[in-house]
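Participant: Let me give you the structure first, and then I'll get to my questions.
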Amino acid sequence: MDQGAVRFPAPNPCPEILSIYGSKVHRSLCVQRIMQINLWLLDIAKAASLPVPLRRFTAFAVLMRCVAHGTGVLEKQKKYAIAISWQRFLLKTKELKPFCMSLRGAMWDRLALNLDAHLKEREEALEEIEEGMKDEAVADKDKLMLQVCKVTPCLLLLQLNGAEECKEIYGTTLSKDLGDSRVNRFVTNDTDNHIVESSVEEVVRKHYLEKEGFNNGVHAEGSIWHTVLGLLFYDIIFDHSVKDVWLSEVQTNPVDLNSRNLYESRRERFDNRFLWLQTASEEDITDAVRITWTAQHSLETSEINWDLFLDEFFFCCPRQGVLAVLRRIVTDYRNCRSGFPDLTMWNTTTKTVAVVEVKGPGDRLSTKQRLWLDFFTRHEIRAEVCHVIGKKKSG
C-alpha cells in the first residue's frame with residue numbers, strides 16, 4: 001500500500017474474494033472462447049434481425065452507447081488516438097451498423113474533428129468526412145455538420161440554396177442593470193400602452209403584425225406544425241395494430257415515433273393520406289380534423305398541442321408546401337422533429353404565411369435551423385432570419 005493511503009475494511013471475507021476472483025477469471029475465459037469461435041456473431045445477427053425500434057433494447061445497442069460515451073471521456077482526457085480507434089471500431093465494424101444508427105452522424109463528426117484539430121491528420125480527416133457523407137444512415141443535419149468542418153474549402157457535397165434572407169430591426173431595451181446577468185432586457189408597449197418586459201421573440205412578432213402585413217402569429221417553434229401533423233395523421237401514427245411498437249399500457253407514443261421506421265412501417269397508409277390531402281376540399285379536411293379533435297381531445301400526446309391548433313393557419317399555407325413539411329417530418333422524424341423557426345405568422349385575408357427565426361445579439365443559426373429555413377424557402381413558404389439589435393431606452 002502506498003504511503004499515506006487510507007485503509008478501508010475489506011467488503012468481503014478473503015475466501016469470498018477468492019471465489020469472486022475465480023468466477024471472474026472463469027467468465028473471462030468463457031468470453032475469450034466465445035469470441036474465438038465467433039459465437040457472438042450468431043447473437044448479434046439475431047439482434048440485428050429485430051425490428052428497428054426494438055434493436056435499441058438489445059445488449060449490443062447498450063454497449064455501443066457505453067463505448068460512444070467512453071470516447072467522450074477519452075477526448076476530455078486528451079487521449080485522442082484511443083478515442084479515434086474506438087470511434088472507428090463503432091463506425092466500421094459491419095456487424096454493429098444496424099445498431100444506434102442515430103449516433104453515426106455525430107461520431108463521424110467527432111472522428112473528423114479529432115483527426116483534423118487534435119492530431120493534425122488533415123488527409124485522413126478528409127477521407128473520413130467523405131466516407132461519412134456516403135453513409136446512408138447519416139442525416140442531412142449531420143452531413144451539413146461534416147461539411148462545416150471545412151477540412152478543405154473544395155469539399156461541398158451537400159448544397160443549400162444560398163444564404164438565408166435576413167433583416168434587422170431595433171428593439172428597445174432597459175438602460176438600467178437590474179442586478180442579474182442578462183445583457184439585453186427588451187420592453188414593448190401592451191394594448192393599454194403600458195411598458196412591459198418582453199421576450200426578443202415577442203418584439204419580432206409585434207413587428208411582423210404591425211409592419212410586415214400579418215394579422216396572426218404565434219411563438220411556437222415546431223409545435224404548430226406537429227399539431228397539424230398529429231391531427232391529420234392521428235389514426236396512422238397511433239395505430240395500435242402496428243406490430244412491435246406498443247410495449248406498455250402507459251405509453252403515450254409508439255416506440256418507433258422517433259425513428260425512420262415510423263414512415264416505413266406505415267408507408268402505404270401515409271402515402272394514401274398525403275394523396276388525399278393534395279386534392280381534398282377545405283370542408284373535407286376540416287371535417288377530418290373535427291373527427292380527430294372530438295374523439296381524442298385532451299389525450300396526452302407529444303404531437304398535438306390541444307390549445308394551439310388553428311385551422312385558419314393551415315388554409316393560409318400553400319397546400320404543397322405544408323404537405324412537404326409534414327412529409328419531411330414523418331420520413332425522418334428523429335432528425336426533423338426540431339429546428340423549426342421561432343415564429344409562424346399568417347394573414348387570413350391574403351392567405352400568406354411566413355416563418356421567422358429570431359436572433360438576438362450574438363446568436364447564430366444551428367445546423368437544423370439552416371436546413372429548415374432552406375426547406376421552407378424551396379417549398380414557397382416565406383422564411384427569414386430576423387436579427388434584433390438592442391436600443392437603450394432613456395430614463
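Identifiers for the C-alpha cells are assigned positionally: chains receive A, B, ... in sequence, residues are indexed from 1 per chain, and ligands are indexed from 1 in the order shown.
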Which residues, written as a PyMOL selection string, have at least one atom at most 12 Å from A:Leu277, with only C-alpha atoms counted and residues fewer than 6 positions away on the same chain left out?
Facilitator: chain A and resi 229+232-233+270-271+283-286+288-289+314-315+319-324+326-327
Participant: Counting only C-alpha atoms, what is within 9 Å of A:Val388, bar same-chain residues fewer than 4 positions away, as an MDAnalysis selection string?
Facilitator: chainID A and resid 167:171 200 203:204 358:361
Participant: Applying 9 Å and only C-alpha atoms, which residues near stretch 249-261 of chain A remain after dropping the ones on its own chain fewer than 6 positions away? List them as a list in words.
Facilitator: Pro51, Val52, Pro53, Leu54, Ser102, Ile237, Phe238, Asp239, His240, Leu299, Glu300, Thr301, Ser302, Glu303, Val330, Thr331, Asp332, Tyr333, Arg334, Asn335 and Arg337 of chain A
Participant: With C-alpha atoms retained, write the just-selected residues as a CSV table (one decimal), in the first residue's frame.
Facilitator:
chain,number,residue,atom,x,y,z
A,51,PRO,CA,-37.5,-4.5,-36.0
A,52,VAL,CA,-35.5,-1.3,-35.9
A,53,PRO,CA,-37.3,0.2,-32.9
A,54,LEU,CA,-36.5,-2.8,-30.8
A,102,SER,CA,-28.8,7.8,-35.0
A,237,ILE,CA,-49.3,7.4,-36.2
A,238,PHE,CA,-51.1,6.0,-33.2
A,239,ASP,CA,-52.4,2.9,-34.8
A,240,HIS,CA,-52.4,0.1,-32.2
A,299,LEU,CA,-55.4,12.8,-24.5
A,300,GLU,CA,-51.7,13.2,-23.7
A,301,THR,CA,-49.6,13.0,-26.9
A,302,SER,CA,-46.3,14.7,-27.9
A,303,GLU,CA,-47.7,15.5,-31.4
A,330,VAL,CA,-42.7,11.7,-40.9
A,331,THR,CA,-40.0,10.3,-43.1
A,332,ASP,CA,-37.1,11.3,-40.8
A,333,TYR,CA,-38.8,12.2,-37.5
A,334,ARG,CA,-35.7,12.0,-35.3
A,335,ASN,CA,-33.7,14.5,-37.3
A,337,ARG,CA,-38.7,17.0,-35.3
Participant: Which of these, A:Leu209, A:Val242, A:Val62, A:Ala383, has the shortest distance to A:Pro341 once you count only C-alpha atoms?
Facilitator: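 Looking at the shortest contact to A:Pro341, the residue is A:Ala383.
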Participant: Taking into account only C-alpha atoms, which residue in the set A:Arg122, A:His219, A:Arg290, A:Lys141 is nearest to A:Trp372?
Facilitator: A:Lys141
